[in-house]
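Enquirer: Data: query.txt, compact mmCIF, C-alpha atoms.
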```txt
# COMPACT_ATOMS: atom_id res chain seq x y z
CA MET A 3 14.34 -6.70 -16.85
CA ASN A 4 16.12 -5.93 -20.11
CA ARG A 5 19.19 -3.70 -19.96
CA ASN A 6 19.47 -3.81 -23.76
CA LEU A 7 16.22 -1.95 -24.41
CA PRO A 8 16.71 1.50 -25.99
CA THR A 9 14.45 2.91 -23.25
CA TYR A 10 16.38 1.34 -20.38
CA GLU A 11 18.99 3.99 -19.54
CA GLU A 12 16.59 6.92 -19.44
CA ALA A 13 14.01 4.94 -17.48
CA GLU A 14 16.55 3.76 -14.90
CA ALA A 15 17.57 7.38 -14.33
CA HIS A 16 13.98 8.15 -13.27
CA ASN A 17 13.42 5.15 -11.00
CA LYS A 18 14.53 4.98 -7.35
CA LEU A 19 14.89 1.23 -7.71
CA SER A 20 18.03 2.03 -9.66
CA HIS A 21 19.67 1.71 -6.23
CA PHE A 22 19.52 -2.02 -6.89
CA THR A 23 20.11 -2.12 -10.63
CA VAL A 24 23.28 -0.01 -10.60
CA GLN A 25 24.73 -2.57 -8.18
CA GLY A 26 24.15 -5.26 -10.79
CA TYR A 27 20.92 -6.73 -9.45
CA ASP A 28 18.32 -7.51 -12.11
CA LEU A 29 14.72 -7.05 -10.98
CA ASN A 30 12.33 -9.74 -12.15
CA GLY A 31 9.03 -8.38 -10.84
CA ILE A 32 7.68 -5.59 -8.63
CA VAL A 33 4.82 -5.46 -6.15
CA HIS A 34 4.10 -1.79 -5.50
CA ALA A 35 1.69 -0.59 -2.80
CA GLY A 36 0.79 3.08 -3.13
CA ALA A 37 1.37 3.23 -6.87
CA ASN A 38 -0.81 6.33 -7.29
CA ASP A 39 -1.16 7.16 -11.01
CA GLY A 40 1.61 4.77 -12.08
CA GLU A 41 4.56 7.09 -12.68
CA GLU A 42 7.01 4.51 -11.31
CA MET A 43 5.22 1.70 -13.13
CA ASP A 44 5.93 3.57 -16.34
CA SER A 45 9.69 3.60 -15.77
CA ALA A 46 9.63 -0.06 -14.70
CA ILE A 47 7.92 -1.00 -17.97
CA ARG A 48 10.49 0.95 -19.96
CA MET A 49 13.24 -0.91 -18.06
CA GLY A 50 11.76 -4.14 -19.40
CA ILE A 51 10.30 -5.42 -16.12
CA GLU A 52 7.34 -7.52 -17.19
CA ASN A 53 5.90 -8.80 -13.88
CA LEU A 54 4.12 -5.90 -12.18
CA VAL A 55 1.44 -5.66 -9.49
CA ALA A 56 0.16 -2.27 -8.32
CA PHE A 57 -2.09 -1.43 -5.38
CA GLU A 58 -3.77 1.98 -5.19
CA PRO A 59 -6.87 2.66 -3.05
CA LEU A 60 -7.54 6.28 -4.12
CA PRO A 61 -10.22 6.01 -6.86
CA SER A 62 -9.08 9.01 -8.91
CA ALA A 63 -5.46 7.80 -8.98
CA PHE A 64 -6.49 4.20 -9.60
CA ASP A 65 -8.53 5.19 -12.63
CA ILE A 66 -5.46 6.82 -14.18
CA LEU A 67 -3.21 3.92 -13.18
CA SER A 68 -5.45 1.23 -14.61
CA GLY A 69 -6.36 3.27 -17.68
CA ARG A 70 -2.73 3.89 -18.63
CA TYR A 71 -1.06 0.67 -17.55
CA GLY A 72 -3.76 -1.93 -16.96
CA HIS A 73 -2.74 -3.77 -20.13
CA LYS A 74 0.71 -4.43 -18.65
CA VAL A 75 0.19 -4.18 -14.88
CA HIS A 76 -2.09 -6.15 -12.53
CA CYS A 77 -3.91 -3.23 -10.86
CA TYR A 78 -5.94 -3.47 -7.65
CA LYS A 79 -8.06 -0.71 -6.07
CA LEU A 80 -7.01 -1.72 -2.62
CA GLY A 81 -4.77 -0.69 0.26
CA LEU A 82 -2.55 -3.13 2.12
CA HIS A 83 -2.40 -3.39 5.93
CA ASN A 84 -1.97 -5.87 8.79
CA LYS A 85 -5.68 -6.68 8.98
CA ASP A 86 -8.65 -6.92 6.64
CA THR A 87 -10.79 -3.88 7.25
CA LYS A 88 -11.92 -0.51 5.94
CA ALA A 89 -10.42 2.88 6.72
CA THR A 90 -10.92 6.53 5.92
CA LEU A 91 -8.32 7.91 3.54
CA GLN A 92 -7.58 11.61 3.96
CA VAL A 93 -7.21 12.80 0.39
CA THR A 94 -4.72 15.57 -0.31
CA ALA A 95 -4.95 18.18 -3.05
CA GLY A 96 -3.58 17.75 -6.55
CA ASP A 97 -2.60 14.21 -7.49
CA GLY A 98 -3.35 12.89 -3.99
CA LYS A 99 0.15 11.51 -3.43
CA GLY A 100 0.13 12.70 0.18
CA SER A 101 -3.10 10.87 1.02
CA SER A 102 -2.98 8.73 4.16
CA ILE A 103 -5.19 6.74 6.51
CA TYR A 104 -3.31 8.52 9.33
CA GLU A 105 -3.46 12.15 10.37
CA THR A 106 -0.43 14.22 9.41
CA GLU A 107 1.85 15.76 12.02
CA TRP A 108 1.40 19.23 10.51
CA ALA A 109 4.17 20.81 12.61
CA HIS A 110 6.74 18.23 11.47
CA PRO A 111 9.80 20.01 9.93
CA GLU A 112 9.59 17.81 6.84
CA VAL A 113 5.99 18.87 6.26
CA LEU A 114 6.70 22.55 6.81
CA ARG A 115 9.80 22.50 4.63
CA ASN A 116 8.89 20.29 1.68
CA TRP A 117 5.15 19.73 1.37
CA THR A 118 4.50 22.48 -1.13
CA GLN A 119 2.65 20.69 -3.95
CA GLY A 120 -0.71 20.04 -2.33
CA GLN A 121 0.30 17.33 0.13
CA ALA A 122 -0.44 19.61 3.08
CA ALA A 123 -4.04 20.31 2.06
CA VAL A 124 -6.66 17.66 2.85
CA VAL A 125 -9.57 18.23 0.46
CA ALA A 126 -11.73 15.10 0.85
CA GLU A 127 -12.16 11.74 2.53
CA GLU A 128 -12.62 8.32 0.93
CA VAL A 129 -13.57 5.06 2.64
CA ILE A 130 -11.18 2.45 1.30
CA ARG A 131 -10.70 -1.29 1.63
CA LEU A 132 -7.56 -2.65 3.30
CA GLU A 133 -6.28 -6.23 3.19
CA LYS A 134 -3.34 -8.20 4.44
CA PHE A 135 -1.06 -9.21 1.60
CA THR A 136 -1.60 -12.82 2.63
CA THR A 137 -5.37 -12.38 2.22
CA TRP A 138 -4.95 -10.84 -1.21
CA ALA A 139 -2.54 -13.59 -2.30
CA LYS A 140 -5.05 -16.32 -1.38
CA LYS A 141 -7.70 -14.57 -3.48
CA HIS A 142 -5.41 -14.34 -6.50
CA PRO A 143 -3.68 -17.69 -7.06
CA ASN A 144 -3.24 -16.69 -10.70
CA ILE A 145 -0.46 -14.31 -9.59
CA ASP A 146 2.70 -16.41 -9.33
CA LEU A 147 4.63 -14.67 -6.56
CA ARG A 148 7.77 -16.58 -7.53
CA LEU A 149 8.05 -14.08 -10.39
CA TYR A 150 8.19 -11.08 -8.04
CA ASP A 151 11.42 -10.28 -6.21
CA THR A 152 10.95 -6.57 -5.40
CA LEU A 153 8.57 -4.95 -2.92
CA GLN A 154 7.96 -1.21 -3.02
CA LEU A 155 5.90 0.51 -0.30
CA ASP A 156 4.91 4.17 -0.51
CA THR A 157 1.69 4.39 1.48
CA GLN A 158 2.16 7.45 3.66
CA GLY A 159 2.56 6.00 7.11
CA ASN A 160 1.32 2.41 7.35
CA GLU A 161 4.33 0.70 5.77
CA MET A 162 5.10 -1.24 8.96
CA GLU A 163 1.57 -2.60 9.11
CA ILE A 164 1.86 -3.77 5.51
CA LEU A 165 5.10 -5.61 6.30
CA GLN A 166 3.46 -7.30 9.27
CA GLY A 167 0.54 -8.36 7.09
CA MET A 168 2.79 -10.10 4.60
CA GLY A 169 3.59 -13.00 6.89
CA LYS A 170 5.98 -15.56 5.47
CA LEU A 171 5.42 -14.18 1.95
CA LEU A 172 7.83 -11.36 2.82
CA GLN A 173 10.71 -13.81 2.49
CA ARG A 174 9.86 -14.34 -1.18
CA PHE A 175 11.22 -10.87 -1.91
CA LYS A 176 14.89 -10.05 -2.38
CA TYR A 177 14.74 -6.26 -2.58
CA LEU A 178 12.64 -3.79 -0.59
CA ALA A 179 12.10 -0.07 -1.11
CA ILE A 180 10.20 1.30 1.90
CA GLU A 181 9.28 4.94 2.46
CA ILE A 182 9.98 5.60 6.14
CA SER A 183 10.57 8.58 8.41
CA GLU A 184 13.26 9.09 11.03
CA VAL A 185 10.65 10.92 13.13
CA PRO A 186 7.07 9.97 12.15
CA VAL A 187 5.34 12.33 9.75
CA TYR A 188 1.98 10.70 10.52
CA LYS A 189 0.25 9.99 13.82
CA GLY A 190 0.51 6.23 14.23
CA GLU A 191 3.43 5.79 11.84
CA THR A 192 6.25 3.54 13.10
CA PRO A 193 9.62 5.35 13.48
CA GLY A 194 12.06 4.43 10.74
CA GLN A 195 14.68 2.87 12.99
CA GLU A 196 12.09 0.50 14.45
CA ILE A 197 11.24 -0.67 10.92
CA ILE A 198 14.94 -1.13 10.14
CA ASP A 199 15.43 -3.16 13.33
CA TRP A 200 12.35 -5.30 12.59
CA LEU A 201 13.49 -6.01 9.03
CA ASP A 202 16.96 -6.87 10.32
CA LYS A 203 15.34 -9.64 12.36
CA GLN A 204 13.63 -10.81 9.17
CA ASP A 205 17.11 -11.07 7.58
CA PHE A 206 16.97 -7.94 5.44
CA LEU A 207 20.04 -5.69 5.34
CA CYS A 208 19.46 -1.93 5.42
CA ASP A 209 21.43 -0.79 2.38
CA SER A 210 20.89 3.01 2.44
CA PRO A 211 20.60 5.85 4.98
CA LEU A 212 17.61 6.55 7.17
CA THR A 213 16.49 10.09 6.30
CA ALA A 214 13.87 12.53 7.56
CA HIS A 215 11.27 11.08 5.17
CA ASN A 216 12.20 9.14 2.06
CA ASP A 217 12.70 5.68 0.60
CA THR A 218 15.09 3.36 2.41
CA PHE A 219 16.41 0.27 0.61
CA PHE A 220 16.88 -3.25 1.90
CA ILE A 221 18.44 -6.41 0.45
CA ARG A 222 17.95 -9.91 1.77
CA LYS A 223 21.03 -10.95 3.71
CA ASP A 224 21.62 -14.14 1.75
CA ILE A 225 22.18 -11.91 -1.29
CA LYS A 226 24.19 -9.11 0.33
CA SER A 227 25.63 -9.23 3.85
CA VAL A 228 27.76 -6.06 4.10
CA THR A 229 26.90 -2.48 3.14
CA ASP A 230 28.43 0.99 3.24
CA GLY A 231 24.93 2.34 3.86
CA LEU A 232 24.97 4.78 0.93
CA TYR A 233 22.22 5.36 -1.61
CA LYS A 234 23.53 4.36 -5.02
CA GLY A 235 20.57 5.05 -7.28
CA ARG A 236 20.40 7.47 -10.18
CA CYS A 237 17.04 9.07 -9.31
```
Would you mind writing the file's structure down as structure tokens?

Expert:
Amino acid sequence: MNRNLPTYEEAEAHNKLSHFTVQGYDLNGIVHAGANDGEEMDSAIRMGIENLVAFEPLPSAFDILSGRYGHKVHCYKLGLHNKDTKATLQVTAGDGKGSSIYETEWAHPEVLRNWTQGQAAVVAEEVIRLEKFTTWAKKHPNIDLRLYDTLQLDTQGNEMEILQGMGKLLQRFKYLAIEISEVPVYKGETPGQEIIDWLDKQDFLCDSPLTAHNDTFFIRKDIKSVTDGLYKGRC
């Protein structure tokens, strides 16, 4: 990360990971599952973060992601999970950012109130490949995970399964940004408080509020042990 870049300030203002950077933490590398077309990869690049891995199983989004950022980002057309398998992705309209391997709880207040840009319309299905992070890591020894300190999960419902599939590699990360829901938006999604409690046992401090459906931020307890629980980012 390079705070002296002329692009840094504007990019930080458009990146939710600014929750960490405004507190003085410098991010060395990001592993992002559910990167879609790479919008957040773009801001990370402009913040001077050079070590970037992006997972995106939706073919149409992956093509944009790899086409735009493949020269600077290690891109994989793959979903992460707690087992190595295949699944059916329900593809939503527009940019597909609401696509999930789980069925949506269509009567959920969050869905009724805020899903107005195509997320609430399933228009296709795609069979996708899922892998445990540990499986992927064994297949790609060229990726030095010591260079990656930040994990970002935005996969529409199976974030807990991804965390479980990371095994001991989870402890390599210092900072986590996990999209979770207070009350599950998807059938099969783990309630947010259960994820918070599980990560607490893995020695990660919840450093922001649990909301209806949004990113929640965690910091490894050997780095930060006390929090006021407020979101501090600029985005």

Enquirer: Would you please work out which residue, of A:Gly81, A:Gly72, A:Gly167, A:Gly231, is nearest to A:Leu207 when using only C-alpha atoms?

Expert: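 For A:Leu207, the nearest of the candidates is A:Gly231.
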
Enquirer: Tell me which of A:Gly159, A:Pro61, A:Gly98, A:Gly69 sits closest to A:Arg131, counting all atoms listed in the file.

Expert: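 That would be A:Pro61, the residue with the smallest distance to A:Arg131.
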
Enquirer: Using all atoms listed in the file, tabulate the residues of stretch 80-124 of chain A lying at most 10 Å from any atom of stretch 26-45 of chain A, each with its closest atom pair and that distance in Å to one decimal, by chain and increasing residue number, as JSON lines.

Expert:
```
{"residue": "A:Leu80", "atom": "CA", "partner": "A:Ala35", "partner_atom": "CA", "distance": 8.8}
{"residue": "A:Gly81", "atom": "CA", "partner": "A:Ala35", "partner_atom": "CA", "distance": 7.1}
{"residue": "A:Leu82", "atom": "CA", "partner": "A:Ala35", "partner_atom": "CA", "distance": 7.0}
{"residue": "A:Asp97", "atom": "CA", "partner": "A:Asp39", "partner_atom": "CA", "distance": 8.0}
{"residue": "A:Gly98", "atom": "CA", "partner": "A:Asn38", "partner_atom": "CA", "distance": 7.8}
{"residue": "A:Lys99", "atom": "CA", "partner": "A:Asn38", "partner_atom": "CA", "distance": 6.5}
{"residue": "A:Gly100", "atom": "CA", "partner": "A:Asn38", "partner_atom": "CA", "distance": 9.9}
{"residue": "A:Ser101", "atom": "CA", "partner": "A:Gly36", "partner_atom": "CA", "distance": 9.6}
{"residue": "A:Ser102", "atom": "CA", "partner": "A:Gly36", "partner_atom": "CA", "distance": 10.0}
```

Enquirer: Just how far from atom CA of A:Ile51 is atom CA of A:Pro8, in Å to one decimal?

Expert: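 Distance between the two atoms: 13.7 Å.
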
Enquirer: Considering all atoms listed in the file, return as an MDAnalysis selection string whatever protein or nucleic-acid residues lie within 7 Å of stretch 189-200 of chain A, sequence-local ones (same chain, fewer than 5 positions apart) excluded.

Expert: chainID A and resid 104:107 159:160 162 182:184 208 212

Enquirer: From the options A:Leu149, A:Gly96, A:Lys85, A:Tyr233, which residue's atoms come nearest to A:Gln166, counting only C-alpha atoms?

Expert: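 Closest candidate: A:Lys85.
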
Enquirer: List as number ranges by chain the protein and nucleic acid residues near stretch 139-145 of chain A, meaning an atom at most 12 Å away when only C-alpha atoms are counted, but skip any in the same chain fewer than 2 places from it.

Expert: A: 31-33, 53-55, 75-78, 82, 133-137, 147-150, 167-172

Enquirer: Select, from A:Asn4, A:Val187, A:Pro59, A:Thr87, the residue with the minimum atom-to-atom distance to A:Ile47, counting all atoms listed in the file.

Expert: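 Going through A:Asn4, A:Val187, A:Pro59, A:Thr87 one by one, the smallest distance to A:Ile47 is for A:Asn4.
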
Enquirer: Just want the 8 Å neighbourhood of A:Tyr177, counted on all atoms listed in the file, with same-chain residues fewer than 4 positions away dropped. Output as a PyMOL selection string.

Expert: chain A and resi 22+151-153+219-222

Enquirer: From the options A:Trp138, A:Asp65, A:Lys79, A:Phe206, which residue's atoms come nearest to A:Ser227, counting all atoms listed in the file?

Expert: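 Closest residue, counting all atoms listed in the file: A:Phe206.
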